[in-house]
>>> print(open('run_38.tsv').read())   # TSV, C-alpha atoms
chain	number	residue	atom	x	y	z
A	110	MET	CA	221.26	42.98	252.34
A	111	THR	CA	217.62	41.91	252.14
A	112	SER	CA	215.06	44.56	251.24
A	113	SER	CA	212.50	45.08	253.99
A	114	ASN	CA	209.55	45.24	251.59
A	115	SER	CA	210.52	42.34	249.31
A	116	GLY	CA	208.99	38.91	249.39
A	117	LYS	CA	210.77	35.61	249.82
A	118	LEU	CA	211.69	32.62	247.70
A	119	TRP	CA	211.15	29.29	249.44
A	120	ILE	CA	213.03	26.21	248.22
A	121	VAL	CA	210.57	23.44	249.07
A	122	ALA	CA	211.47	19.75	249.04
A	123	THR	CA	208.66	17.45	247.89
A	124	PRO	CA	208.26	13.65	248.15
A	125	ILE	CA	210.33	11.40	245.89
A	126	GLY	CA	207.63	8.75	245.95
A	127	ASN	CA	205.55	8.56	249.09
A	128	PRO	CA	203.17	11.57	249.47
A	129	GLY	CA	203.31	11.10	253.23
A	130	ASP	CA	206.84	12.47	253.21
A	131	LEU	CA	205.67	16.03	252.51
A	132	ALA	CA	206.64	17.97	255.64
A	133	PRO	CA	203.97	19.93	257.57
A	134	ARG	CA	205.86	23.21	257.10
A	135	ALA	CA	206.14	22.50	253.37
A	136	ARG	CA	202.36	22.09	253.22
A	137	GLU	CA	201.83	25.43	254.94
A	138	ILE	CA	204.24	27.32	252.71
A	139	LEU	CA	202.93	25.80	249.47
A	140	ALA	CA	199.34	26.61	250.45
A	141	ALA	CA	200.19	30.19	251.43
A	142	ALA	CA	202.59	31.06	248.59
A	143	ASP	CA	201.42	33.63	246.07
A	144	LEU	CA	203.23	31.68	243.36
A	145	VAL	CA	204.49	28.09	243.04
A	146	LEU	CA	207.31	27.63	240.55
A	147	ALA	CA	207.33	24.06	239.29
A	148	GLU	CA	209.54	22.12	236.91
A	149	ASP	CA	206.40	20.37	235.59
A	150	THR	CA	203.19	22.15	236.65
A	151	ARG	CA	201.00	19.18	235.76
A	152	ARG	CA	203.04	16.70	237.80
A	153	SER	CA	203.38	19.04	240.76
A	154	GLY	CA	199.70	19.91	240.51
A	155	LEU	CA	198.74	16.25	240.84
A	156	LEU	CA	201.02	15.86	243.87
A	157	LEU	CA	199.71	18.93	245.66
A	158	SER	CA	196.12	18.01	244.86
A	159	ALA	CA	196.70	14.56	246.36
A	160	CYS	CA	198.01	16.31	249.48
A	161	GLY	CA	194.96	18.58	249.68
A	162	ILE	CA	196.86	21.72	248.63
A	163	MET	CA	195.42	24.20	246.15
A	164	PRO	CA	198.17	26.66	245.12
A	165	LYS	CA	197.10	30.19	244.34
A	166	ARG	CA	199.07	30.22	241.09
A	167	PHE	CA	201.44	27.94	239.19
A	168	LEU	CA	204.28	28.97	236.86
A	169	SER	CA	206.60	26.59	235.05
A	170	LEU	CA	210.33	26.90	235.65
A	171	HIS	CA	212.54	24.32	233.98
A	172	ASP	CA	215.89	23.99	232.21
A	173	HIS	CA	214.64	25.53	228.99
A	174	ASN	CA	212.92	28.64	230.36
A	175	GLU	CA	214.58	29.42	233.69
A	176	LYS	CA	216.77	32.23	232.39
A	177	GLY	CA	213.84	33.91	230.69
A	178	ARG	CA	211.62	33.69	233.79
A	179	ILE	CA	214.02	35.33	236.23
A	180	ALA	CA	213.15	38.98	235.59
A	181	ALA	CA	209.39	38.41	235.98
A	182	VAL	CA	209.82	36.34	239.15
A	183	LEU	CA	212.19	38.90	240.66
A	184	SER	CA	209.67	41.64	239.95
A	185	GLU	CA	206.95	39.78	241.84
A	186	LEU	CA	209.26	39.05	244.76
A	187	GLN	CA	210.41	42.67	244.94
A	188	ASN	CA	206.76	43.69	245.14
A	189	GLY	CA	206.28	41.54	248.24
A	190	SER	CA	205.08	38.22	246.83
A	191	ALA	CA	206.12	34.90	248.34
A	192	ALA	CA	207.13	32.20	245.86
A	193	ALA	CA	207.80	28.51	246.45
A	194	LEU	CA	210.13	26.61	244.13
A	195	VAL	CA	209.57	22.86	243.74
A	196	SER	CA	211.02	20.25	241.39
A	197	ASP	CA	209.33	17.13	240.08
A	198	ALA	CA	210.47	15.25	243.18
A	199	GLY	CA	212.91	15.76	246.03
A	200	THR	CA	214.97	18.83	246.84
A	201	PRO	CA	215.10	21.52	244.13
A	202	LEU	CA	218.44	22.34	242.47
A	203	ILE	CA	219.82	18.84	243.21
A	204	SER	CA	220.23	17.92	239.52
A	205	ASP	CA	217.17	20.09	238.85
A	206	PRO	CA	216.67	23.71	237.71
A	207	GLY	CA	216.62	26.67	240.08
A	208	TYR	CA	220.26	27.62	240.63
A	209	GLN	CA	220.12	30.65	238.34
A	210	LEU	CA	217.00	31.97	240.06
A	211	VAL	CA	218.44	31.48	243.54
A	212	ARG	CA	221.64	33.26	242.56
A	213	ALA	CA	219.66	36.13	241.03
A	214	CYS	CA	217.60	36.47	244.21
A	215	ARG	CA	220.73	36.58	246.35
A	216	GLU	CA	222.26	39.24	244.11
A	217	ALA	CA	219.03	41.28	244.27
A	218	GLY	CA	218.87	41.10	248.06
A	219	ILE	CA	215.76	38.89	248.11
A	220	ALA	CA	215.54	36.37	250.93
A	221	VAL	CA	215.86	32.71	249.98
A	222	SER	CA	215.03	30.05	252.54
A	223	PRO	CA	215.03	26.23	252.29
A	224	VAL	CA	212.29	23.94	253.52
A	225	PRO	CA	214.28	20.69	253.92
A	226	GLY	CA	212.86	17.32	253.07
A	227	PRO	CA	213.30	14.32	250.77
A	228	SER	CA	216.36	14.02	248.55
A	229	ALA	CA	216.95	10.92	246.42
A	230	PRO	CA	220.78	10.96	246.58
A	231	VAL	CA	220.82	11.21	250.38
A	232	ALA	CA	218.01	8.67	250.83
A	233	ALA	CA	219.72	6.18	248.53
A	234	LEU	CA	223.11	6.67	250.18
A	235	SER	CA	221.71	6.27	253.69
A	236	ALA	CA	220.31	2.79	252.95
A	237	SER	CA	222.95	1.53	250.50
A	238	GLY	CA	225.37	0.01	252.99
A	239	LEU	CA	228.26	1.84	251.34
A	240	PRO	CA	230.54	4.39	253.07
A	241	PRO	CA	228.54	7.62	253.46
A	242	MET	CA	231.45	10.02	253.96
A	243	PRO	CA	232.83	11.59	251.97
A	244	PHE	CA	230.45	11.34	249.07
A	245	THR	CA	230.22	13.21	245.77
A	246	PHE	CA	226.96	13.74	243.90
A	247	LEU	CA	227.41	13.80	240.13
A	248	GLY	CA	223.88	14.28	238.77
A	249	PHE	CA	223.15	12.65	235.40
A	250	PRO	CA	226.03	11.38	233.24
A	251	PRO	CA	226.11	12.60	229.62
A	252	ARG	CA	224.95	10.29	226.84
A	253	ALA	CA	227.95	9.87	224.53
A	254	ALA	CA	230.55	7.27	225.53
A	255	GLY	CA	233.46	9.67	225.21
A	256	ASP	CA	231.70	12.24	227.35
A	257	ILE	CA	230.89	9.60	229.98
A	258	ARG	CA	234.59	8.70	230.21
A	259	LYS	CA	235.44	12.38	230.73
A	260	PHE	CA	232.60	12.62	233.26
A	261	PHE	CA	234.06	9.89	235.49
A	262	ALA	CA	237.78	10.57	234.90
A	263	PRO	CA	238.25	13.27	237.60
A	264	TYR	CA	236.99	10.84	240.25
A	265	ALA	CA	239.16	7.82	239.41
A	266	GLY	CA	241.63	8.53	242.21
A	267	LEU	CA	239.20	10.20	244.61
A	268	GLU	CA	238.64	8.39	247.92
A	269	SER	CA	234.93	9.11	247.85
A	270	THR	CA	231.62	7.35	247.37
A	271	LEU	CA	230.00	8.50	244.14
A	272	VAL	CA	226.25	9.01	243.69
A	273	PHE	CA	224.56	9.66	240.36
A	274	PHE	CA	221.29	9.19	238.50
A	275	GLU	CA	220.76	7.08	235.39
A	276	ARG	CA	217.95	5.65	233.27
A	277	LYS	CA	217.43	1.94	232.73
A	278	ASP	CA	218.16	1.98	229.02
A	279	ARG	CA	221.59	3.58	229.58
A	280	LEU	CA	222.55	1.86	232.83
A	281	ALA	CA	224.48	-1.08	231.36
A	282	ALA	CA	226.67	1.08	229.13
A	283	THR	CA	227.28	3.65	231.87
A	284	LEU	CA	228.35	1.02	234.41
A	285	ALA	CA	230.66	-0.60	231.87
A	286	LEU	CA	232.35	2.74	231.21
A	287	ALA	CA	232.47	3.50	234.94
A	288	HIS	CA	234.35	0.23	235.47
A	289	GLU	CA	236.72	1.11	232.64
A	290	ILE	CA	237.58	4.48	234.18
A	291	LEU	CA	237.12	3.91	237.92
A	292	GLY	CA	238.23	0.31	238.27
A	293	GLU	CA	236.55	-2.20	240.56
A	294	ARG	CA	234.14	-0.80	243.14
A	295	ALA	CA	231.28	-2.07	245.23
A	296	GLY	CA	227.99	-0.54	244.19
A	297	CYS	CA	224.29	-0.34	244.93
A	298	ILE	CA	221.33	0.45	242.70
A	299	ALA	CA	218.38	2.15	244.40
A	300	ARG	CA	215.00	2.26	242.67
A	301	GLU	CA	211.44	3.18	243.59
A	302	ILE	CA	212.70	4.77	246.83
A	303	THR	CA	209.88	5.19	249.40
A	304	LYS	CA	207.41	3.46	247.04
A	305	THR	CA	205.73	0.07	247.26
A	306	TYR	CA	208.39	-1.71	245.21
A	307	GLU	CA	211.41	-0.01	246.75
A	308	GLU	CA	214.55	-1.98	246.08
A	309	PHE	CA	218.26	-1.75	246.88
A	310	ILE	CA	220.43	-4.02	244.73
A	311	PRO	CA	224.11	-4.47	245.69
A	312	PHE	CA	226.53	-5.31	242.90
A	313	SER	CA	230.17	-5.36	241.89
A	314	LEU	CA	231.23	-2.86	239.25
A	315	ALA	CA	233.36	-5.54	237.61
A	316	ARG	CA	230.06	-7.09	236.56
A	317	GLN	CA	229.45	-4.52	233.90
A	318	GLY	CA	225.76	-4.02	234.49
A	319	GLU	CA	224.14	-5.42	231.36
A	320	SER	CA	222.71	-8.56	232.96
A	321	LEU	CA	222.06	-6.60	236.17
A	322	ALA	CA	219.86	-4.09	234.38
A	323	GLU	CA	218.02	-6.72	232.36
A	324	ASP	CA	217.61	-9.40	235.02
A	325	GLN	CA	216.18	-7.07	237.64
A	326	GLY	CA	213.57	-5.47	235.37
A	327	LEU	CA	214.57	-2.00	236.52
A	328	LEU	CA	212.17	0.83	235.78
A	329	GLY	CA	212.30	4.61	235.63
A	330	GLU	CA	215.13	6.75	236.96
A	331	ILE	CA	217.68	4.91	239.05
A	332	THR	CA	220.04	6.17	241.74
A	333	VAL	CA	223.47	4.52	241.57
A	334	ILE	CA	225.93	4.50	244.46
A	335	LEU	CA	229.54	3.46	243.88
A	336	GLY	CA	231.77	2.98	246.90
A	337	PRO	CA	235.31	4.37	247.07
A	338	PRO	CA	238.16	2.59	245.26
A	339	GLN	CA	238.70	-0.86	246.67
A	340	GLN	CA	242.06	-1.41	248.30
A	341	VAL	CA	243.17	-4.40	246.22
A	342	PRO	CA	246.83	-5.17	245.49
A	343	ALA	CA	247.73	-3.77	242.10
A	344	THR	CA	249.15	-6.19	239.55
A	345	PRO	CA	252.91	-5.55	239.12
A	346	GLU	CA	253.81	-3.47	236.09
A	347	ASP	CA	255.78	-6.33	234.49
A	348	ALA	CA	252.67	-8.52	234.61
A	349	VAL	CA	250.57	-5.75	233.06
A	350	ARG	CA	253.13	-5.40	230.27
A	351	GLU	CA	252.84	-9.14	229.66
A	352	ALA	CA	249.03	-8.88	229.54
A	353	ILE	CA	249.36	-6.10	226.96
A	354	ARG	CA	251.74	-8.22	224.88
A	355	GLU	CA	249.35	-11.20	224.99
A	356	GLN	CA	246.40	-9.09	223.89
A	357	ARG	CA	248.40	-7.55	221.06
A	358	GLU	CA	249.20	-11.03	219.78
A	359	ARG	CA	245.61	-12.16	220.20
A	360	MET	CA	244.11	-9.08	218.51
A	361	PRO	CA	246.71	-7.87	215.97
A	362	GLU	CA	244.19	-5.62	214.19
A	363	ALA	CA	242.74	-4.03	217.33
A	364	ARG	CA	243.20	-0.38	218.19
A	365	PRO	CA	245.42	0.47	221.20
A	366	ARG	CA	242.42	1.49	223.33
A	367	GLU	CA	240.73	-1.87	222.65
A	368	ILE	CA	243.90	-3.72	223.63
A	369	ALA	CA	244.09	-1.69	226.84
A	370	ARG	CA	240.49	-2.55	227.70
A	371	SER	CA	241.09	-6.24	227.10
A	372	ALA	CA	244.33	-6.26	229.11
A	373	GLN	CA	242.71	-4.35	231.99
A	374	ARG	CA	240.24	-7.20	232.51
A	375	LEU	CA	243.17	-9.53	233.18
A	376	VAL	CA	244.78	-7.44	235.93
A	377	SER	CA	243.73	-5.75	239.17
A	378	GLY	CA	244.24	-2.28	240.55
A	379	TRP	CA	244.66	-0.71	237.10
A	380	THR	CA	242.15	1.42	235.22
A	381	VAL	CA	241.92	1.26	231.43
A	382	ASP	CA	243.50	4.71	231.23
A	383	ALA	CA	246.47	3.54	233.29
A	384	VAL	CA	246.91	0.41	231.15
A	385	TYR	CA	246.61	2.53	228.00
A	386	ALA	CA	249.27	4.94	229.25
A	387	LEU	CA	251.60	1.98	229.89
A	388	LEU	CA	250.79	0.54	226.48
A	389	ARG	CA	251.88	3.77	224.84
A	390	ARG	CA	255.27	3.38	226.50
A	391	VAL	CA	255.73	-0.31	225.68
>>> encode(input="run_38.tsv", output="structure tokens")
Amino acid sequence: MTSSNSGKLWIVATPIGNPGDLAPRAREILAAADLVLAEDTRRSGLLLSACGIMPKRFLSLHDHNEKGRIAAVLSELQNGSAAALVSDAGTPLISDPGYQLVRACREAGIAVSPVPGPSAPVAALSASGLPPMPFTFLGFPPRAAGDIRKFFAPYAGLESTLVFFERKDRLAATLALAHEILGERAGCIAREITKTYEEFIPFSLARQGESLAEDQGLLGEITVILGPPQQVPATPEDAVREAIREQRERMPEARPREIARSAQRLVSGWTVDAVYALLRRV
């Protein structure tokens, strides 16, 4: 139950590129809020200033301090203040901090209300040309190769479009590992969404991304959309066994996982994990 004398936490979506996308209601709430909680106060301050908004007070709230800020923010809200939570761009909590605060407000009976607006995953998906439903948003992949494999593994058999963020310098390696785990899929890279140099680049996941990332001169954070598994006839198991045998002869010193990767490139409808599992039985 919401306390009658408590304030409210607003979850306010901000532009992901074009300042004109700030909604009128978002402007009103940000201007009237007693406190604006921002992932990066400098960046959000520049945005709001460009939109003619002068917040009464800013307070940083990011991954490293969110837990420690909750008690102070709850105290202000319980005393009747209105706070607006924003992220660097787009809808807060969508791969950004804020979940712990929202949960704490709900548990304390403080009203939480969204002010909908821009969201990079939804914007990218809507213009990608890939199946929009169902889709699964994954956030940012981890950095280590082994962790990336574990990150994608639960989705290998899922009939869903996948959406995630990545940076240019890690894109090639991430797409190569995605192909290894997920198999062939149609994809689309979205960059600079709503900005002057907005670009949507279709690609095939079998092309492992290195030349794609370099040739296109991609900048900044990138939204990647991977369509659901392609319905291609799977290579018969006997033919996969033969591919494994050939790669063993060609690379007698290679580790089993390396042989599986090499054999997987010669067949269709098999992930590296599936080829590796067969290899272990051969």
>>> residues_around(input="run_38.tsv", residues="Phe312 of chain A", least_positions_apart="6", cutoff="8 Å", atoms="all atoms listed in the file", output="list in words")
Ala295, Gly296, Cys297 and Ile298 of chain A
>>> residues_around(input="run_38.tsv", residues="Thr380 of chain A", least_positions_apart="6", cutoff="9 Å", atoms="only C-alpha atoms", output="list in words")
Ala265, His288, Glu289, Ile290, Leu291, Gly292, Glu293, Arg370 and Gln373 of chain A
>>> residues_around(input="run_38.tsv", residues="segment 129-143 of chain A", least_positions_apart="4", cutoff="12 Å", atoms="all atoms listed in the file", output="MDAnalysis selection string")
chainID A and resid 116:125 147 153:154 156:168 182 185:186 188:195 198:200 222:228 302:304
>>> closest_residue(input="run_38.tsv", among="A:Met242, A:Leu234, A:Leu335, A:Leu183", to="Ala213 of chain A", atoms="only C-alpha atoms")
A:Leu183
>>> residues_around(input="run_38.tsv", residues="Ala369 of chain A", least_positions_apart="6", cutoff="9 Å", atoms="only C-alpha atoms", output="ChimeraX atom specification")
/A:353,356,381-388
>>> closest_residue(input="run_38.tsv", among="A:Ala232, A:Leu286, A:Pro240, A:Ser115", to="Asp256 of chain A", atoms="all atoms listed in the file")
A:Leu286
>>> closest_residue(input="run_38.tsv", among="A:Ala262, A:Ala233, A:Leu267, A:Leu247", to="Arg300 of chain A", atoms="all atoms listed in the file")
A:Ala233
>>> residues_around(input="run_38.tsv", residues="segment 270-275 of chain A", least_positions_apart="5", cutoff="6 Å", atoms="all atoms listed in the file", output="number ranges by chain")
A: 244-249, 330-337
>>> decode(input="run_38.tsv", residues="segment 207-226 of chain A", atoms="N, CA, C and O atoms", output="PDB file, in the first residue's frame")
ATOM      1  N   GLY A 207      19.138   1.155 -11.292  1.00  0.00           N
ATOM      2  CA  GLY A 207      17.822   1.618 -10.848  1.00  0.00           C
ATOM      3  C   GLY A 207      16.930   0.535 -10.296  1.00  0.00           C
ATOM      4  O   GLY A 207      16.002   0.813  -9.532  1.00  0.00           O
ATOM      5  N   TYR A 208      17.202  -0.723 -10.660  1.00  0.00           N
ATOM      6  CA  TYR A 208      16.328  -1.818 -10.219  1.00  0.00           C
ATOM      7  C   TYR A 208      16.254  -1.915  -8.703  1.00  0.00           C
ATOM      8  O   TYR A 208      15.168  -2.082  -8.127  1.00  0.00           O
ATOM      9  N   GLN A 209      17.393  -1.809  -8.037  1.00  0.00           N
ATOM     10  CA  GLN A 209      17.393  -1.943  -6.579  1.00  0.00           C
ATOM     11  C   GLN A 209      16.574  -0.834  -5.919  1.00  0.00           C
ATOM     12  O   GLN A 209      15.855  -1.078  -4.945  1.00  0.00           O
ATOM     13  N   LEU A 210      16.676   0.381  -6.453  1.00  0.00           N
ATOM     14  CA  LEU A 210      15.917   1.496  -5.896  1.00  0.00           C
ATOM     15  C   LEU A 210      14.420   1.302  -6.113  1.00  0.00           C
ATOM     16  O   LEU A 210      13.614   1.513  -5.197  1.00  0.00           O
ATOM     17  N   VAL A 211      14.046   0.891  -7.313  1.00  0.00           N
ATOM     18  CA  VAL A 211      12.630   0.671  -7.602  1.00  0.00           C
ATOM     19  C   VAL A 211      12.059  -0.410  -6.695  1.00  0.00           C
ATOM     20  O   VAL A 211      10.970  -0.259  -6.127  1.00  0.00           O
ATOM     21  N   ARG A 212      12.794  -1.488  -6.530  1.00  0.00           N
ATOM     22  CA  ARG A 212      12.320  -2.568  -5.649  1.00  0.00           C
ATOM     23  C   ARG A 212      12.173  -2.073  -4.219  1.00  0.00           C
ATOM     24  O   ARG A 212      11.178  -2.379  -3.543  1.00  0.00           O
ATOM     25  N   ALA A 213      13.155  -1.278  -3.756  1.00  0.00           N
ATOM     26  CA  ALA A 213      13.085  -0.752  -2.387  1.00  0.00           C
ATOM     27  C   ALA A 213      11.887   0.170  -2.211  1.00  0.00           C
ATOM     28  O   ALA A 213      11.224   0.159  -1.168  1.00  0.00           O
ATOM     29  N   CYS A 214      11.593   0.968  -3.229  1.00  0.00           N
ATOM     30  CA  CYS A 214      10.419   1.847  -3.157  1.00  0.00           C
ATOM     31  C   CYS A 214       9.139   1.035  -3.086  1.00  0.00           C
ATOM     32  O   CYS A 214       8.227   1.345  -2.294  1.00  0.00           O
ATOM     33  N   ARG A 215       9.038   0.002  -3.889  1.00  0.00           N
ATOM     34  CA  ARG A 215       7.846  -0.849  -3.869  1.00  0.00           C
ATOM     35  C   ARG A 215       7.680  -1.484  -2.486  1.00  0.00           C
ATOM     36  O   ARG A 215       6.570  -1.535  -1.941  1.00  0.00           O
ATOM     37  N   GLU A 216       8.765  -1.965  -1.923  1.00  0.00           N
ATOM     38  CA  GLU A 216       8.695  -2.612  -0.611  1.00  0.00           C
ATOM     39  C   GLU A 216       8.328  -1.617   0.482  1.00  0.00           C
ATOM     40  O   GLU A 216       7.702  -1.982   1.484  1.00  0.00           O
ATOM     41  N   ALA A 217       8.709  -0.347   0.292  1.00  0.00           N
ATOM     42  CA  ALA A 217       8.417   0.685   1.292  1.00  0.00           C
ATOM     43  C   ALA A 217       7.066   1.351   1.074  1.00  0.00           C
ATOM     44  O   ALA A 217       6.686   2.253   1.824  1.00  0.00           O
ATOM     45  N   GLY A 218       6.342   0.925   0.046  1.00  0.00           N
ATOM     46  CA  GLY A 218       5.029   1.500  -0.213  1.00  0.00           C
ATOM     47  C   GLY A 218       5.077   2.864  -0.873  1.00  0.00           C
ATOM     48  O   GLY A 218       4.112   3.634  -0.802  1.00  0.00           O
ATOM     49  N   ILE A 219       6.183   3.180  -1.536  1.00  0.00           N
ATOM     50  CA  ILE A 219       6.318   4.463  -2.238  1.00  0.00           C
ATOM     51  C   ILE A 219       5.929   4.268  -3.697  1.00  0.00           C
ATOM     52  O   ILE A 219       6.356   3.307  -4.348  1.00  0.00           O
ATOM     53  N   ALA A 220       5.134   5.161  -4.214  1.00  0.00           N
ATOM     54  CA  ALA A 220       4.655   5.058  -5.587  1.00  0.00           C
ATOM     55  C   ALA A 220       5.808   5.189  -6.584  1.00  0.00           C
ATOM     56  O   ALA A 220       6.688   6.038  -6.434  1.00  0.00           O
ATOM     57  N   VAL A 221       5.783   4.342  -7.585  1.00  0.00           N
ATOM     58  CA  VAL A 221       6.749   4.393  -8.686  1.00  0.00           C
ATOM     59  C   VAL A 221       5.952   4.428  -9.979  1.00  0.00           C
ATOM     60  O   VAL A 221       5.070   3.591 -10.189  1.00  0.00           O
ATOM     61  N   SER A 222       6.261   5.397 -10.837  1.00  0.00           N
ATOM     62  CA  SER A 222       5.485   5.540 -12.060  1.00  0.00           C
ATOM     63  C   SER A 222       6.401   5.799 -13.251  1.00  0.00           C
ATOM     64  O   SER A 222       7.307   6.629 -13.163  1.00  0.00           O
ATOM     65  N   PRO A 223       6.198   5.096 -14.375  1.00  0.00           N
ATOM     66  CA  PRO A 223       7.046   5.310 -15.542  1.00  0.00           C
ATOM     67  C   PRO A 223       6.561   6.466 -16.409  1.00  0.00           C
ATOM     68  O   PRO A 223       5.362   6.740 -16.494  1.00  0.00           O
ATOM     69  N   VAL A 224       7.514   7.124 -17.043  1.00  0.00           N
ATOM     70  CA  VAL A 224       7.216   8.109 -18.075  1.00  0.00           C
ATOM     71  C   VAL A 224       7.834   7.541 -19.354  1.00  0.00           C
ATOM     72  O   VAL A 224       9.022   7.736 -19.618  1.00  0.00           O
ATOM     73  N   PRO A 225       7.055   6.811 -20.155  1.00  0.00           N
ATOM     74  CA  PRO A 225       7.621   6.072 -21.288  1.00  0.00           C
ATOM     75  C   PRO A 225       8.259   6.990 -22.324  1.00  0.00           C
ATOM     76  O   PRO A 225       7.916   8.157 -22.455  1.00  0.00           O
ATOM     77  N   GLY A 226       9.171   6.399 -23.067  1.00  0.00           N
ATOM     78  CA  GLY A 226       9.843   7.157 -24.112  1.00  0.00           C
ATOM     79  C   GLY A 226      10.867   6.294 -24.822  1.00  0.00           C
ATOM     80  O   GLY A 226      10.705   5.074 -24.922  1.00  0.00           O
TER      81      GLY A 226
END
